[in-house]
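Asker: Sharing a structure with you now.
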Amino acid sequence: MVIYFHDKEEDTMMNQMNELDALRHSASHVMAQAVKRLFPGVKLAIGPSIETGFYYDFDADTPFITADLEKIEAEMKKIAKENLKIERIELLREEALKLMANEPYKIELINGLPDDAVISFYKQGEFVDLCAGPHVNYTSKVKAFKLLSVTGAYWRGDSANKMLQRIYGTAFANKEALEEHLQRLEEAKKRDHRKLGRELDLFDIYEEGPGFPFFFPKGMVLRNLLESFWRAEHAKCGYTEIRTPVILNEELWHRSGHWDHYKDNMYFTRIDENDYAIKPMNCPGGMLAFKRRLHSYRDLPQRMAELGLVHRHELSGALHGLMRVRCFTQDDAHIFMTPEQIEAEVLDVIALIDRFYKVFDFKYSVELSTRPADSMGSDEQWEAATNALKHALEVNKKDYTVNEGDGAFYGPKIDFHLEDSIGRTWQCGTIQLDFQMPERFDLAYIGPDGEKHRPVMIHRVVFGSIERFIAILTEHFAGAFPLWLSPVQVKVIAITDSHHAYASGVYQALRDAGIRSEIDLRSEKIGYKIREAQLEKVPYMLIVGDKEMESGAVAVRSRKSGDMGSMGTDAFIGMVLKAVLEKALDA
RNA sequence: GCUGGUGUAGCUCAGUCGGUAGAGCAGCUCAUUCGUAAUGAGCAGGUCGCGGGUUCGAGUCCCAUCACCAGCUCCA
């Protein structure tokens, strides 16, 4: 989350944040102390404060269960009541190792500290913990807290290491702030795209196909709108569109390097005694499409887009609604170019992604991901590619963080992250620079010198996956999509049977104007029909009765601001069409 | 995949000590013709995730498995 403040406000805010940080850090120590009292055999790992609270990792012989949280919470309350003084102690390395003789993880941490590091501890009553601080001064300050969950977490975040028990909690300066936070979490649950997708009849995932989503008629309207918008924008930017097969011969995937670096994520099948793979990425198909003929430098850059359906075997525990699925459509494109064109092309894509996200009012963060351990190509190539991306980011004056070792196996990438309703971020857009595939597929173009040259390639997506983007979109707007994206834009509601003919006329006029509409002719009270339309988050309701019939008008009600009074049907249609054309966010 | 938790009607949930499953909403039928967030009555709806086991008897206890949720790992 990006927050902007003015000078003084910023200072106070920073101080408050630091205080809250210290409080939460202390809360994690109090929790560790409580755990130590209740389960003496437990070993301590690490326990930092985090954006929304704190956690502590423990190595326990028997895993904690949910019921343990209550006991631990009760003990924490006792420790707070004891009002222990929290003191800082600095020790020499030897002393520190001696003090932590029974804490193997702490010893590992101490040994990992640089020679000149100050080794500090914080002590409260009988509990001492290796810690850089800062902390609040008394345990009584830790009074508004709640333990939230117990989960597994690998030591040092490495799945090769032992899985520890992590207890998450949150703490605030006072009860009110804590309650407010818990309330907000409840509210956020209502925006969950999995819930809204079902309620609004957009999409769902069934037990019969874990990670393989279904899209229903209204969800398809949304999808198709996103895709048409995408096609129109890409055409403007000089992209062409192709479509490559979902299933291709396994040999292709050996050639591309996917077999060596991505096999575990791929699905395979056999056709007439031959081995085939279901594509997890669109690039190899794109390579073949590019290779269909010889290219001149005059034709470069060549921007070939593809809305490609890919399948990837994700770990069962990683699946998450539409955010992480096992089959999804990437709004992919491969840009083939000369090395001189790299920077301009990367900058263009950065600008394109920025433009797209602004249309939806999305805030995003940027990451540069560098060479992973499992990758192909030479160091020089990787360095050149990484520097090219870095340079583009700097030219663009974009703030970004570096994600070491998180690049694709064929090249470094710039990732664009969007936030879901509870602040988790998801990678959507990405720009990947690739010197490897052109090599592997022996791609070439004829230069001005009449010789063959190797093109460079960019893989890039803007939405990322249509599925994930729809999930983010749903949560961002809490299901109340802006008018231009709403599956149903207008609902005509007749007051009584005698208005049916007139209502149907209005309905037909809307449809003739290309406005996605529904009509409600049921013999229900209008309060009931309005309530239903409101819950369906339809942007506009047109209520028609005697008054409207006489004047040839419609009574407009917006889902946002309620009764807007009556206006001529044509005027309403004009208003809607204008807002749709502008992709207005407040309509 | 790993750790903890949860699976009961389309949805949200109740179901006591093991004694044979219930509500609200949604759906259907009928009545009602109504002016800005719920008209009334009636009907129907369940292999209690799936498979074993214990028991005279299992939604409830045990085992196994699948899916989901939170987190870790991984990723668009």
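Identifiers in the structure tokens: chain A, B, ... in order shown; residue index from 1 per chain; ligand index from 1 in order shown.
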At a cut-off of 10 Å, list the chain B residues touching chain A, using only C-alpha atoms (C1' of nucleotides), as a list in words.
Answerer: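 Listing them in order of chain and number gives G1, C2, U3, G4, G5, C11, U32, U33, C34, G35, U36, A37, A38, U39, G49, C66, A67, C68, C69, A70, G71, C72, U73, C74, C75 and A76 of chain B.
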Asker: Could you list, as a PyMOL selection string, every residue within 10 Å of segment 219-236 of chain A, counting only C-alpha atoms (C1' of nucleotides) and ignoring same-chain residues fewer than 2 positions away?
Answerer: chain A and resi 197+200-204+214-217+238-241+303-307+331+333+352+355-356+462-463+466-467+469-470+481+484-488+516
Asker: Using the selection just defined, write its residues with N, CA, C and O atoms as a compact mmCIF listing (two decimals), in the first residue's frame.
Answerer:
# COMPACT_ATOMS: atom_id res chain seq x y z
N GLY A 197 -18.27 -14.07 -6.54
CA GLY A 197 -18.40 -14.76 -7.81
C GLY A 197 -19.62 -15.68 -7.82
O GLY A 197 -20.33 -15.79 -8.81
N LEU A 200 -22.96 -13.30 -7.29
CA LEU A 200 -23.32 -12.51 -8.47
C LEU A 200 -23.43 -13.39 -9.71
O LEU A 200 -23.62 -12.88 -10.82
N ASP A 201 -23.27 -14.71 -9.53
CA ASP A 201 -23.43 -15.66 -10.62
C ASP A 201 -22.43 -15.42 -11.75
O ASP A 201 -22.78 -15.46 -12.92
N LEU A 202 -21.17 -15.13 -11.37
CA LEU A 202 -20.14 -14.84 -12.37
C LEU A 202 -19.31 -16.07 -12.70
O LEU A 202 -19.08 -16.40 -13.85
N PHE A 203 -18.84 -16.74 -11.64
CA PHE A 203 -17.93 -17.89 -11.82
C PHE A 203 -17.92 -18.71 -10.54
O PHE A 203 -18.38 -18.25 -9.48
N ASP A 204 -17.40 -19.93 -10.63
CA ASP A 204 -17.24 -20.76 -9.44
C ASP A 204 -16.27 -21.88 -9.76
O ASP A 204 -15.94 -22.12 -10.93
N PHE A 214 -15.14 -22.43 -13.63
CA PHE A 214 -16.27 -22.30 -14.54
C PHE A 214 -16.62 -20.82 -14.62
O PHE A 214 -16.63 -20.14 -13.61
N PHE A 215 -16.94 -20.35 -15.82
CA PHE A 215 -17.47 -18.99 -15.99
C PHE A 215 -18.90 -19.08 -16.48
O PHE A 215 -19.17 -19.78 -17.44
N PHE A 216 -19.79 -18.38 -15.78
CA PHE A 216 -21.21 -18.38 -16.14
C PHE A 216 -21.51 -17.18 -17.03
O PHE A 216 -20.64 -16.32 -17.21
N PRO A 217 -22.75 -17.10 -17.58
CA PRO A 217 -23.04 -16.05 -18.56
C PRO A 217 -22.60 -14.65 -18.13
O PRO A 217 -21.98 -13.93 -18.92
N GLY A 238 0.03 -1.43 -32.17
CA GLY A 238 0.76 -2.16 -33.19
C GLY A 238 0.96 -3.64 -32.91
O GLY A 238 1.91 -4.24 -33.39
N TYR A 239 0.08 -4.24 -32.13
CA TYR A 239 0.17 -5.69 -31.90
C TYR A 239 -0.71 -6.41 -32.92
O TYR A 239 -1.77 -5.90 -33.31
N THR A 240 -0.28 -7.58 -33.32
CA THR A 240 -1.14 -8.46 -34.10
C THR A 240 -1.54 -9.60 -33.18
O THR A 240 -0.96 -9.75 -32.10
N GLU A 241 -2.53 -10.39 -33.57
CA GLU A 241 -2.97 -11.46 -32.68
C GLU A 241 -2.89 -12.80 -33.36
O GLU A 241 -3.20 -12.94 -34.54
N ARG A 303 5.22 -7.43 -32.84
CA ARG A 303 4.51 -7.65 -31.57
C ARG A 303 3.35 -8.62 -31.82
O ARG A 303 2.33 -8.23 -32.37
N MET A 304 3.56 -9.87 -31.37
CA MET A 304 2.56 -10.91 -31.63
C MET A 304 1.85 -11.29 -30.34
O MET A 304 2.44 -11.86 -29.44
N ALA A 305 0.58 -10.94 -30.27
CA ALA A 305 -0.18 -11.19 -29.04
C ALA A 305 -0.97 -12.48 -29.14
O ALA A 305 -1.28 -12.96 -30.23
N GLU A 306 -1.27 -13.04 -27.99
CA GLU A 306 -2.09 -14.25 -27.94
C GLU A 306 -2.80 -14.36 -26.61
O GLU A 306 -2.18 -14.34 -25.56
N LEU A 307 -4.14 -14.47 -26.67
CA LEU A 307 -4.89 -14.79 -25.45
C LEU A 307 -4.82 -16.31 -25.33
O LEU A 307 -5.63 -17.01 -25.92
N ASP A 331 -2.95 -12.94 -21.17
CA ASP A 331 -3.04 -11.97 -22.26
C ASP A 331 -1.61 -11.72 -22.73
O ASP A 331 -1.03 -10.69 -22.52
N ALA A 333 1.95 -11.68 -25.05
CA ALA A 333 2.46 -11.19 -26.33
C ALA A 333 3.96 -11.43 -26.34
O ALA A 333 4.62 -11.39 -25.30
N LEU A 352 2.06 0.93 -21.26
CA LEU A 352 0.79 0.26 -21.58
C LEU A 352 0.16 -0.32 -20.32
O LEU A 352 -1.04 -0.16 -20.06
N ARG A 355 -1.23 2.39 -18.14
CA ARG A 355 -2.47 2.92 -18.70
C ARG A 355 -3.65 1.99 -18.38
O ARG A 355 -4.73 2.44 -17.99
N PHE A 356 -3.42 0.70 -18.55
CA PHE A 356 -4.48 -0.28 -18.26
C PHE A 356 -4.91 -0.21 -16.80
O PHE A 356 -6.09 -0.16 -16.50
N VAL A 462 -0.29 -8.10 -19.57
CA VAL A 462 -0.76 -6.88 -18.91
C VAL A 462 -1.72 -7.25 -17.79
O VAL A 462 -1.49 -6.95 -16.62
N PHE A 463 -2.81 -7.93 -18.14
CA PHE A 463 -3.72 -8.45 -17.11
C PHE A 463 -2.98 -9.51 -16.28
O PHE A 463 -3.23 -9.65 -15.10
N ILE A 466 -6.37 -13.54 -17.15
CA ILE A 466 -7.70 -12.92 -17.14
C ILE A 466 -8.41 -13.32 -15.84
O ILE A 466 -9.09 -12.52 -15.22
N GLU A 467 -8.21 -14.59 -15.43
CA GLU A 467 -8.87 -15.08 -14.23
C GLU A 467 -8.44 -14.29 -13.00
O GLU A 467 -9.26 -13.80 -12.23
N PHE A 469 -7.05 -11.42 -12.89
CA PHE A 469 -7.42 -10.02 -13.02
C PHE A 469 -8.90 -9.82 -12.65
O PHE A 469 -9.25 -8.86 -11.96
N ILE A 470 -9.73 -10.75 -13.06
CA ILE A 470 -11.15 -10.67 -12.71
C ILE A 470 -11.33 -10.79 -11.20
O ILE A 470 -12.16 -10.11 -10.60
N PHE A 481 -19.16 -3.45 -10.18
CA PHE A 481 -18.30 -3.07 -11.30
C PHE A 481 -18.74 -1.76 -11.89
O PHE A 481 -19.94 -1.45 -11.92
N TRP A 484 -19.39 0.42 -17.35
CA TRP A 484 -18.97 -0.17 -18.62
C TRP A 484 -18.66 -1.65 -18.52
O TRP A 484 -18.70 -2.37 -19.52
N LEU A 485 -18.38 -2.15 -17.30
CA LEU A 485 -18.05 -3.56 -17.10
C LEU A 485 -19.20 -4.36 -16.49
O LEU A 485 -19.11 -5.58 -16.41
N SER A 486 -20.24 -3.70 -16.03
CA SER A 486 -21.31 -4.42 -15.34
C SER A 486 -22.00 -5.40 -16.29
O SER A 486 -22.42 -5.02 -17.37
N PRO A 487 -22.11 -6.66 -15.87
CA PRO A 487 -22.78 -7.64 -16.72
C PRO A 487 -24.21 -7.21 -17.05
O PRO A 487 -24.66 -7.39 -18.17
N VAL A 488 -24.91 -6.66 -16.07
CA VAL A 488 -26.22 -6.07 -16.33
C VAL A 488 -26.09 -4.60 -15.95
O VAL A 488 -25.78 -4.28 -14.81
N ARG A 516 -26.78 -3.36 -21.86
CA ARG A 516 -27.11 -4.67 -21.30
C ARG A 516 -28.18 -4.49 -20.21
O ARG A 516 -27.92 -3.90 -19.17
Asker: Can you tell me, as a ChimeraX atom specification, what residues are no more than 10 Å from segment 50-55 of chain B when counting only C-alpha atoms (C1' of nucleotides), ignoring any on the same chain fewer than 3 positions away?
Answerer: /B:18,58,61-66
Asker: Let me see the file: selected residues, C-alpha atoms (C1' of nucleotides), as an mmCIF file, in the first residue's frame.
Answerer:
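Below is the file that was written, part-v3.cif:
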data_model
loop_
_atom_site.group_PDB
_atom_site.id
_atom_site.type_symbol
_atom_site.label_atom_id
_atom_site.label_comp_id
_atom_site.auth_asym_id
_atom_site.auth_seq_id
_atom_site.Cartn_x
_atom_site.Cartn_y
_atom_site.Cartn_z
ATOM 1 C "C1'" G B 18 -24.461 -42.079 19.627
ATOM 2 C "C1'" A B 58 -23.214 -43.182 13.467
ATOM 3 C "C1'" C B 61 -16.763 -41.979 17.714
ATOM 4 C "C1'" C B 62 -12.166 -44.166 14.931
ATOM 5 C "C1'" C B 63 -9.217 -44.790 10.258
ATOM 6 C "C1'" A B 64 -8.367 -43.482 5.376
ATOM 7 C "C1'" U B 65 -9.332 -40.260 1.333
ATOM 8 C "C1'" C B 66 -11.106 -35.870 -1.498
#
